[in-house]
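Here is the file coords06.txt (compact mmCIF, N, CA and C atoms).
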```txt
# COMPACT_ATOMS: atom_id res chain seq x y z
N MET A 1 -9.19 9.69 4.02
CA MET A 1 -9.37 8.61 3.06
C MET A 1 -9.74 7.35 3.83
N ARG A 2 -10.77 6.69 3.38
CA ARG A 2 -11.21 5.45 4.02
C ARG A 2 -10.41 4.28 3.43
N GLN A 3 -9.42 3.84 4.19
CA GLN A 3 -8.49 2.81 3.74
C GLN A 3 -8.72 1.55 4.55
N PHE A 4 -8.82 0.41 3.86
CA PHE A 4 -9.09 -0.86 4.51
C PHE A 4 -8.01 -1.87 4.16
N LEU A 5 -7.56 -2.62 5.15
CA LEU A 5 -6.69 -3.78 4.95
C LEU A 5 -7.61 -4.98 4.93
N ILE A 6 -7.58 -5.73 3.83
CA ILE A 6 -8.46 -6.88 3.68
C ILE A 6 -7.62 -8.14 3.45
N HIS A 7 -8.27 -9.30 3.64
CA HIS A 7 -7.56 -10.57 3.50
C HIS A 7 -8.14 -11.47 2.42
N ASN A 8 -9.30 -11.09 1.86
CA ASN A 8 -9.92 -11.89 0.80
C ASN A 8 -10.95 -11.03 0.07
N ALA A 9 -11.50 -11.59 -0.99
CA ALA A 9 -12.45 -10.84 -1.82
C ALA A 9 -13.73 -10.51 -1.06
N ALA A 10 -14.21 -11.41 -0.20
CA ALA A 10 -15.44 -11.15 0.56
C ALA A 10 -15.25 -9.93 1.47
N GLU A 11 -14.11 -9.83 2.14
CA GLU A 11 -13.83 -8.65 2.96
C GLU A 11 -13.75 -7.40 2.09
N GLY A 12 -13.17 -7.55 0.90
CA GLY A 12 -13.09 -6.43 -0.02
C GLY A 12 -14.46 -5.93 -0.43
N LEU A 13 -15.37 -6.84 -0.72
CA LEU A 13 -16.73 -6.46 -1.10
C LEU A 13 -17.41 -5.72 0.04
N ARG A 14 -17.27 -6.21 1.28
CA ARG A 14 -17.87 -5.52 2.43
C ARG A 14 -17.27 -4.12 2.59
N ALA A 15 -15.95 -4.00 2.38
CA ALA A 15 -15.29 -2.70 2.51
C ALA A 15 -15.80 -1.74 1.43
N ILE A 16 -15.97 -2.23 0.21
CA ILE A 16 -16.49 -1.40 -0.88
C ILE A 16 -17.89 -0.93 -0.54
N GLU A 17 -18.72 -1.83 -0.03
CA GLU A 17 -20.09 -1.47 0.35
C GLU A 17 -20.10 -0.46 1.51
N SER A 18 -19.02 -0.43 2.30
CA SER A 18 -18.91 0.50 3.43
C SER A 18 -18.32 1.85 3.03
N GLY A 19 -18.01 2.01 1.75
CA GLY A 19 -17.50 3.30 1.29
C GLY A 19 -15.99 3.39 1.21
N ALA A 20 -15.31 2.27 1.06
CA ALA A 20 -13.85 2.27 0.95
C ALA A 20 -13.40 3.11 -0.23
N GLN A 21 -12.27 3.78 -0.04
CA GLN A 21 -11.64 4.53 -1.12
C GLN A 21 -10.32 3.89 -1.52
N TRP A 22 -9.81 3.01 -0.65
CA TRP A 22 -8.51 2.36 -0.87
C TRP A 22 -8.58 1.00 -0.21
N LEU A 23 -8.23 -0.05 -0.95
CA LEU A 23 -8.13 -1.40 -0.39
C LEU A 23 -6.70 -1.88 -0.53
N THR A 24 -6.19 -2.50 0.52
CA THR A 24 -4.90 -3.18 0.47
C THR A 24 -5.17 -4.64 0.79
N LEU A 25 -4.82 -5.52 -0.14
CA LEU A 25 -5.06 -6.95 0.02
C LEU A 25 -3.81 -7.61 0.56
N ALA A 26 -3.92 -8.14 1.79
CA ALA A 26 -2.81 -8.89 2.39
C ALA A 26 -2.86 -10.32 1.87
N ASN A 27 -1.72 -10.94 1.71
CA ASN A 27 -1.62 -12.33 1.23
C ASN A 27 -2.47 -12.55 -0.02
N PRO A 28 -2.19 -11.80 -1.08
CA PRO A 28 -3.03 -11.87 -2.27
C PRO A 28 -2.95 -13.20 -3.01
N THR A 29 -4.06 -13.57 -3.62
CA THR A 29 -4.11 -14.72 -4.53
C THR A 29 -4.58 -14.19 -5.88
N PRO A 30 -4.21 -14.86 -6.97
CA PRO A 30 -4.69 -14.40 -8.28
C PRO A 30 -6.22 -14.35 -8.36
N GLU A 31 -6.90 -15.30 -7.69
CA GLU A 31 -8.36 -15.33 -7.72
C GLU A 31 -8.96 -14.10 -7.04
N ALA A 32 -8.45 -13.75 -5.86
CA ALA A 32 -8.97 -12.58 -5.14
C ALA A 32 -8.67 -11.30 -5.92
N ILE A 33 -7.47 -11.21 -6.47
CA ILE A 33 -7.11 -10.02 -7.27
C ILE A 33 -8.05 -9.90 -8.47
N SER A 34 -8.26 -11.00 -9.17
CA SER A 34 -9.11 -10.99 -10.36
C SER A 34 -10.55 -10.61 -10.03
N GLU A 35 -11.02 -11.00 -8.86
CA GLU A 35 -12.38 -10.66 -8.45
C GLU A 35 -12.49 -9.18 -8.05
N LEU A 36 -11.45 -8.66 -7.42
CA LEU A 36 -11.51 -7.29 -6.88
C LEU A 36 -11.16 -6.21 -7.90
N ILE A 37 -10.32 -6.52 -8.89
CA ILE A 37 -9.93 -5.49 -9.87
C ILE A 37 -11.14 -4.83 -10.52
N PRO A 38 -12.09 -5.58 -11.09
CA PRO A 38 -13.21 -4.89 -11.75
C PRO A 38 -14.09 -4.11 -10.78
N LEU A 39 -14.26 -4.63 -9.57
CA LEU A 39 -15.08 -3.92 -8.58
C LEU A 39 -14.44 -2.59 -8.20
N CYS A 40 -13.15 -2.63 -7.92
CA CYS A 40 -12.43 -1.41 -7.54
C CYS A 40 -12.36 -0.45 -8.71
N ASN A 41 -12.09 -0.97 -9.90
CA ASN A 41 -11.95 -0.12 -11.07
C ASN A 41 -13.27 0.62 -11.36
N SER A 42 -14.38 -0.08 -11.31
CA SER A 42 -15.67 0.56 -11.62
C SER A 42 -16.09 1.56 -10.54
N ALA A 43 -15.61 1.37 -9.30
CA ALA A 43 -15.97 2.28 -8.21
C ALA A 43 -14.92 3.37 -7.99
N GLY A 44 -13.83 3.33 -8.76
CA GLY A 44 -12.78 4.34 -8.60
C GLY A 44 -11.99 4.17 -7.31
N ILE A 45 -11.84 2.94 -6.86
CA ILE A 45 -11.15 2.65 -5.60
C ILE A 45 -9.71 2.26 -5.90
N ILE A 46 -8.79 2.79 -5.14
CA ILE A 46 -7.38 2.41 -5.24
C ILE A 46 -7.25 0.99 -4.70
N PHE A 47 -6.58 0.12 -5.44
CA PHE A 47 -6.44 -1.28 -5.04
C PHE A 47 -4.96 -1.67 -5.08
N VAL A 48 -4.42 -1.91 -3.89
CA VAL A 48 -3.00 -2.24 -3.72
C VAL A 48 -2.91 -3.63 -3.12
N ILE A 49 -1.91 -4.40 -3.55
CA ILE A 49 -1.67 -5.70 -2.93
C ILE A 49 -0.36 -5.65 -2.17
N GLU A 50 -0.24 -6.53 -1.19
CA GLU A 50 1.00 -6.62 -0.44
C GLU A 50 1.92 -7.66 -1.07
N GLY A 51 3.19 -7.31 -1.17
CA GLY A 51 4.26 -8.24 -1.35
C GLY A 51 4.75 -8.78 -2.66
N ASN A 52 3.92 -9.06 -3.64
CA ASN A 52 4.39 -9.82 -4.80
C ASN A 52 4.31 -9.01 -6.09
N PRO A 53 5.42 -8.36 -6.48
CA PRO A 53 5.39 -7.55 -7.71
C PRO A 53 5.02 -8.33 -8.96
N ASP A 54 5.46 -9.59 -9.05
CA ASP A 54 5.14 -10.38 -10.24
C ASP A 54 3.64 -10.65 -10.33
N MET A 55 3.00 -10.91 -9.19
CA MET A 55 1.56 -11.13 -9.19
C MET A 55 0.84 -9.83 -9.58
N ALA A 56 1.34 -8.70 -9.08
CA ALA A 56 0.75 -7.41 -9.44
C ALA A 56 0.87 -7.16 -10.94
N LEU A 57 1.98 -7.55 -11.51
CA LEU A 57 2.23 -7.33 -12.93
C LEU A 57 1.44 -8.29 -13.81
N ASN A 58 1.32 -9.53 -13.37
CA ASN A 58 0.77 -10.58 -14.23
C ASN A 58 -0.72 -10.81 -14.11
N THR A 59 -1.38 -10.21 -13.12
CA THR A 59 -2.81 -10.42 -12.97
C THR A 59 -3.55 -9.27 -13.62
N LEU A 60 -4.11 -9.53 -14.79
CA LEU A 60 -4.86 -8.53 -15.57
C LEU A 60 -6.31 -8.96 -15.68
N VAL A 61 -7.20 -7.99 -15.57
CA VAL A 61 -8.61 -8.23 -15.84
C VAL A 61 -9.03 -7.13 -16.80
N ASN A 62 -9.41 -7.50 -18.02
CA ASN A 62 -9.76 -6.53 -19.05
C ASN A 62 -8.68 -5.46 -19.20
N ASP A 63 -7.44 -5.89 -19.25
CA ASP A 63 -6.28 -5.01 -19.40
C ASP A 63 -6.08 -4.04 -18.24
N VAL A 64 -6.67 -4.32 -17.08
CA VAL A 64 -6.49 -3.48 -15.90
C VAL A 64 -5.73 -4.27 -14.84
N ARG A 65 -4.73 -3.62 -14.25
CA ARG A 65 -3.95 -4.22 -13.16
C ARG A 65 -4.35 -3.58 -11.85
N VAL A 66 -3.75 -4.07 -10.78
CA VAL A 66 -3.93 -3.41 -9.49
C VAL A 66 -3.30 -2.01 -9.56
N SER A 67 -3.67 -1.15 -8.63
CA SER A 67 -3.14 0.23 -8.62
C SER A 67 -1.69 0.27 -8.19
N GLY A 68 -1.28 -0.72 -7.37
CA GLY A 68 0.09 -0.72 -6.89
C GLY A 68 0.36 -1.85 -5.92
N ILE A 69 1.46 -1.71 -5.21
CA ILE A 69 1.95 -2.76 -4.33
C ILE A 69 2.60 -2.15 -3.10
N CYS A 70 2.49 -2.85 -1.99
CA CYS A 70 3.20 -2.45 -0.77
C CYS A 70 4.19 -3.56 -0.46
N ILE A 71 5.46 -3.23 -0.53
CA ILE A 71 6.49 -4.24 -0.26
C ILE A 71 6.90 -4.16 1.20
N LYS A 72 7.42 -5.26 1.70
CA LYS A 72 7.88 -5.33 3.09
C LYS A 72 9.38 -5.45 3.10
N ASN A 73 9.96 -4.70 3.98
CA ASN A 73 11.41 -4.71 4.14
C ASN A 73 12.08 -4.62 2.77
N SER A 74 13.14 -5.30 2.53
CA SER A 74 13.86 -5.14 1.27
C SER A 74 13.64 -6.31 0.32
N GLU A 75 12.38 -6.73 0.16
CA GLU A 75 12.07 -7.83 -0.75
C GLU A 75 12.57 -7.53 -2.16
N ASN A 76 12.22 -6.38 -2.67
CA ASN A 76 12.60 -5.93 -4.00
C ASN A 76 12.90 -4.44 -3.91
N SER A 77 13.73 -3.95 -4.79
CA SER A 77 14.02 -2.52 -4.75
C SER A 77 12.84 -1.76 -5.36
N PRO A 78 12.49 -0.62 -4.78
CA PRO A 78 11.42 0.20 -5.36
C PRO A 78 11.69 0.56 -6.82
N ALA A 79 12.94 0.79 -7.18
CA ALA A 79 13.28 1.14 -8.56
C ALA A 79 12.94 -0.02 -9.52
N GLU A 80 13.24 -1.26 -9.11
CA GLU A 80 12.92 -2.42 -9.95
C GLU A 80 11.40 -2.56 -10.11
N ILE A 81 10.68 -2.35 -9.02
CA ILE A 81 9.23 -2.47 -9.07
C ILE A 81 8.64 -1.38 -9.96
N ARG A 82 9.13 -0.16 -9.81
CA ARG A 82 8.64 0.96 -10.62
C ARG A 82 8.88 0.66 -12.10
N GLU A 83 10.03 0.08 -12.41
CA GLU A 83 10.35 -0.26 -13.79
C GLU A 83 9.36 -1.30 -14.33
N LYS A 84 9.02 -2.30 -13.49
CA LYS A 84 8.11 -3.36 -13.92
C LYS A 84 6.67 -2.88 -14.05
N LEU A 85 6.20 -2.10 -13.06
CA LEU A 85 4.79 -1.73 -13.01
C LEU A 85 4.46 -0.42 -13.71
N GLY A 86 5.47 0.39 -13.97
CA GLY A 86 5.24 1.65 -14.67
C GLY A 86 5.21 2.85 -13.74
N PRO A 87 5.31 4.03 -14.32
CA PRO A 87 5.44 5.25 -13.53
C PRO A 87 4.20 5.62 -12.72
N HIS A 88 3.02 5.11 -13.11
CA HIS A 88 1.79 5.49 -12.41
C HIS A 88 1.43 4.54 -11.26
N ALA A 89 2.18 3.46 -11.11
CA ALA A 89 1.89 2.51 -10.03
C ALA A 89 2.18 3.14 -8.68
N ILE A 90 1.38 2.77 -7.70
CA ILE A 90 1.60 3.21 -6.33
C ILE A 90 2.52 2.20 -5.67
N ILE A 91 3.60 2.69 -5.09
CA ILE A 91 4.54 1.80 -4.41
C ILE A 91 4.63 2.21 -2.94
N GLY A 92 4.23 1.28 -2.09
CA GLY A 92 4.31 1.48 -0.65
C GLY A 92 5.42 0.62 -0.08
N TYR A 93 5.86 0.98 1.10
CA TYR A 93 6.93 0.24 1.77
C TYR A 93 6.54 0.07 3.22
N SER A 94 6.46 -1.16 3.68
CA SER A 94 6.09 -1.47 5.05
C SER A 94 7.36 -1.53 5.90
N ALA A 95 7.61 -0.45 6.65
CA ALA A 95 8.83 -0.35 7.46
C ALA A 95 8.57 -0.86 8.87
N SER A 96 9.63 -1.22 9.54
CA SER A 96 9.50 -1.69 10.92
C SER A 96 10.04 -0.69 11.94
N SER A 97 10.70 0.38 11.45
CA SER A 97 11.23 1.38 12.37
C SER A 97 11.33 2.74 11.69
N ALA A 98 11.38 3.77 12.50
CA ALA A 98 11.57 5.13 11.98
C ALA A 98 12.91 5.23 11.28
N ASP A 99 13.94 4.59 11.81
CA ASP A 99 15.26 4.63 11.19
C ASP A 99 15.23 4.05 9.78
N GLU A 100 14.46 3.01 9.58
CA GLU A 100 14.34 2.41 8.25
C GLU A 100 13.73 3.41 7.26
N ILE A 101 12.70 4.13 7.69
CA ILE A 101 12.08 5.14 6.82
C ILE A 101 13.08 6.24 6.50
N LEU A 102 13.80 6.70 7.52
CA LEU A 102 14.78 7.77 7.29
C LEU A 102 15.85 7.33 6.29
N ALA A 103 16.25 6.06 6.34
CA ALA A 103 17.27 5.55 5.42
C ALA A 103 16.74 5.43 3.98
N LEU A 104 15.42 5.26 3.83
CA LEU A 104 14.83 5.05 2.50
C LEU A 104 14.07 6.26 1.97
N ALA A 105 14.06 7.34 2.71
CA ALA A 105 13.22 8.49 2.38
C ALA A 105 13.50 9.09 1.01
N ASN A 106 14.68 8.91 0.47
CA ASN A 106 15.02 9.50 -0.83
C ASN A 106 14.73 8.58 -2.01
N LEU A 107 14.19 7.39 -1.75
CA LEU A 107 13.87 6.46 -2.84
C LEU A 107 12.50 6.78 -3.43
N ASP A 108 12.21 6.22 -4.58
CA ASP A 108 10.95 6.45 -5.28
C ASP A 108 9.84 5.59 -4.67
N ILE A 109 9.39 5.99 -3.47
CA ILE A 109 8.35 5.29 -2.73
C ILE A 109 7.23 6.30 -2.50
N ASP A 110 5.97 5.88 -2.72
CA ASP A 110 4.83 6.79 -2.61
C ASP A 110 4.31 6.94 -1.20
N TYR A 111 4.45 5.90 -0.38
CA TYR A 111 4.04 5.98 1.01
C TYR A 111 4.75 4.90 1.81
N PHE A 112 4.82 5.13 3.11
CA PHE A 112 5.36 4.15 4.04
C PHE A 112 4.26 3.73 5.00
N THR A 113 4.34 2.50 5.50
CA THR A 113 3.53 2.11 6.65
C THR A 113 4.50 1.83 7.78
N LEU A 114 4.03 2.08 8.99
CA LEU A 114 4.87 1.91 10.17
C LEU A 114 3.96 1.67 11.36
N PRO A 115 4.29 0.69 12.22
CA PRO A 115 3.47 0.51 13.43
C PRO A 115 3.40 1.82 14.21
N SER A 116 2.22 2.17 14.67
CA SER A 116 2.05 3.44 15.37
C SER A 116 2.98 3.55 16.58
N SER A 117 3.33 2.43 17.17
CA SER A 117 4.23 2.45 18.33
C SER A 117 5.65 2.86 17.96
N GLU A 118 5.97 2.83 16.66
CA GLU A 118 7.31 3.19 16.19
C GLU A 118 7.42 4.62 15.67
N MET A 119 6.32 5.36 15.68
CA MET A 119 6.36 6.74 15.19
C MET A 119 7.33 7.57 16.04
N ALA A 120 8.04 8.45 15.38
CA ALA A 120 9.01 9.30 16.07
C ALA A 120 8.96 10.69 15.46
N ASP A 121 9.22 11.70 16.26
CA ASP A 121 9.18 13.07 15.76
C ASP A 121 10.22 13.30 14.67
N SER A 122 11.27 12.50 14.63
CA SER A 122 12.29 12.66 13.58
C SER A 122 11.70 12.44 12.20
N LEU A 123 10.54 11.80 12.11
CA LEU A 123 9.90 11.54 10.82
C LEU A 123 9.17 12.77 10.28
N SER A 124 9.06 13.82 11.06
CA SER A 124 8.35 15.01 10.60
C SER A 124 9.04 15.67 9.40
N GLU A 125 10.30 15.35 9.19
CA GLU A 125 11.04 15.92 8.05
C GLU A 125 10.90 15.08 6.79
N VAL A 126 10.30 13.91 6.89
CA VAL A 126 10.11 13.03 5.74
C VAL A 126 8.91 13.54 4.95
N GLU A 127 9.10 13.78 3.65
CA GLU A 127 8.02 14.32 2.82
C GLU A 127 7.04 13.26 2.34
N THR A 128 7.46 12.00 2.28
CA THR A 128 6.60 10.91 1.83
C THR A 128 5.55 10.63 2.90
N PRO A 129 4.28 10.46 2.51
CA PRO A 129 3.24 10.16 3.51
C PRO A 129 3.54 8.87 4.27
N ILE A 130 3.13 8.86 5.54
CA ILE A 130 3.34 7.71 6.42
C ILE A 130 2.00 7.28 6.99
N VAL A 131 1.68 5.99 6.85
CA VAL A 131 0.47 5.43 7.42
C VAL A 131 0.86 4.79 8.75
N ALA A 132 0.24 5.27 9.82
CA ALA A 132 0.49 4.70 11.15
C ALA A 132 -0.43 3.50 11.31
N VAL A 133 0.13 2.31 11.21
CA VAL A 133 -0.66 1.08 11.28
C VAL A 133 -1.08 0.85 12.74
N GLY A 134 -2.37 0.66 12.91
CA GLY A 134 -2.90 0.43 14.25
C GLY A 134 -3.24 1.70 14.99
N ALA A 135 -3.13 2.85 14.34
CA ALA A 135 -3.44 4.12 15.00
C ALA A 135 -4.81 4.61 14.56
N GLU A 136 -5.61 5.03 15.53
CA GLU A 136 -6.90 5.63 15.20
C GLU A 136 -6.78 7.14 15.10
N GLN A 137 -5.68 7.66 15.58
CA GLN A 137 -5.42 9.09 15.50
C GLN A 137 -3.91 9.30 15.45
N THR A 138 -3.50 10.54 15.22
CA THR A 138 -2.08 10.83 15.17
C THR A 138 -1.44 10.46 16.50
N PRO A 139 -0.35 9.69 16.50
CA PRO A 139 0.30 9.29 17.75
C PRO A 139 0.77 10.53 18.53
N PRO A 140 0.66 10.48 19.87
CA PRO A 140 1.09 11.61 20.69
C PRO A 140 2.54 12.01 20.40
N GLY A 141 2.78 13.30 20.30
CA GLY A 141 4.13 13.81 20.10
C GLY A 141 4.62 13.76 18.65
N PHE A 142 3.80 13.24 17.72
CA PHE A 142 4.21 13.16 16.33
C PHE A 142 3.72 14.38 15.60
N SER A 143 4.63 15.13 15.00
CA SER A 143 4.23 16.37 14.31
C SER A 143 4.33 16.26 12.80
N GLY A 144 4.54 15.07 12.28
CA GLY A 144 4.65 14.86 10.83
C GLY A 144 3.28 14.79 10.20
N HIS A 145 3.23 14.29 8.98
CA HIS A 145 1.97 14.18 8.27
C HIS A 145 1.64 12.71 8.03
N LEU A 146 0.43 12.35 8.28
CA LEU A 146 -0.06 11.00 8.08
C LEU A 146 -1.21 11.05 7.09
N PHE A 147 -1.49 9.91 6.45
CA PHE A 147 -2.71 9.87 5.65
C PHE A 147 -3.39 8.56 5.94
```
Go through the file and emit its structure as structure tokens.
Amino acid sequence: MRQFLIHNAAEGLRAIESGAQWLTLANPTPEAISELIPLCNSAGIIFVIEGNPDMALNTLVNDVRVSGICIKNSENSPAEIREKLGPHAIIGYSASSADEILALANLDIDYFTLPSSEMADSLSEVETPIVAVGAEQTPPGFSGHLF
């Protein structure tokens, strides 16, 4: 899957033109979200924002919201976010350690992100997909599944 981390709508447009299948908007603004929702929706691209569940919930363009949200650390509980955004929302969690993922593995989270330097073989038992941030390939010695 061609996944891009973007910081504004212009980067999002370039990523879409490059064949993106998934965009994650860091430091989202209502303006950038409003500009990207119709582009992603018409192209069938997954569009996730980082950090702000209320912004994800309240920014609508033609009755369409973002696909989901990636929360960092324990900003909000995944259960609260799922309740607000609905059962089809994608909920990601940006972890800082393998231990943090292991502690949260049984929660209703669709994917985790983790710095590639923090990958550990103990994560191979986690069924939730893990995105190795900063990795161009599977980290050495890691036998789990990444996407």
Neighbour list for A:Ile49 as a VMD selection string, cut-off 7 Å, only C-alpha atoms, skip fewer than 4 positions in-chain: chain A and resid 24 to 26 28 68 to 70
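The space separating atom C of A:Asn76 from atom N of A:Thr29 comes to 19.3 Å.
Proximity to A:Arg82 was assessed for A:Glu127, A:Glu35, A:Glu100, A:Asp108 counting only C-alpha atoms; the smallest distance is recorded for A:Asp108.
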A:Val66 surroundings by only C-alpha atoms, 9 Å radius, close-in-sequence under 4 positions cut, as number ranges by chain: A: 33, 36-37, 40-41, 46-49, 56-57, 59-60, 89
Shortest interatomic distance to A:Ile71 - which of A:Asp99, A:Glu83, A:Glu50, A:Asn58, counting only N, CA and C atoms: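 The closest residue to A:Ile71 is A:Glu50.
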Shortest interatomic distance to A:Pro38 - which of A:Ala95, A:Ala20, A:Val64, A:Ile6, counting all atoms listed in the file: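 Ranked by minimum distance to A:Pro38, first place goes to A:Val64.
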d(atom CA of A:Leu114, atom CA of A:Gly19) in Å: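 Atom CA of A:Gly19 lies 24.1 Å from atom CA of A:Leu114.
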Between atom N of A:Ser94 and atom CA of A:Phe4 - distance in Å to one decimal: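 It comes out at 15.6 Å.
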Among the residues A:Leu107, A:Ala9, A:Ile81, A:Ile45, the one that comes closest to A:Leu23 [using only N, CA and C atoms]: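 Of all the options, A:Ile45 lies closest to A:Leu23.
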Top pick for closest residue to A:Ser116, considering A:Gly134, A:Ala103, A:Gly51, A:Gly92 and counting all atoms listed in the file: A:Gly134
Strand (DSSP E or B) per DSSP on the backbone: members of chain A, as a ChimeraX atom specification: /A:3-6,22-25,46-50,61,64,68-72,90-94,111-115,130-133,146
Of the listed residues A:Leu104, A:Ile90, A:Ile130, A:Ala98, that which approaches A:Glu118 most closely, counting only C-alpha atoms: A:Ala98
Residues flagged helix (DSSP H, G or I) by DSSP in chain A, as JSON, numbers by chain: {"A": [9, 10, 11, 12, 13, 14, 15, 16, 17, 30, 31, 32, 33, 34, 35, 36, 37, 38, 39, 40, 41, 42, 43, 53, 54, 55, 56, 57, 58, 78, 79, 80, 81, 82, 83, 84, 85, 98, 99, 100, 101, 102, 103, 104, 116, 117, 118, 121, 122, 123, 124, 125]}
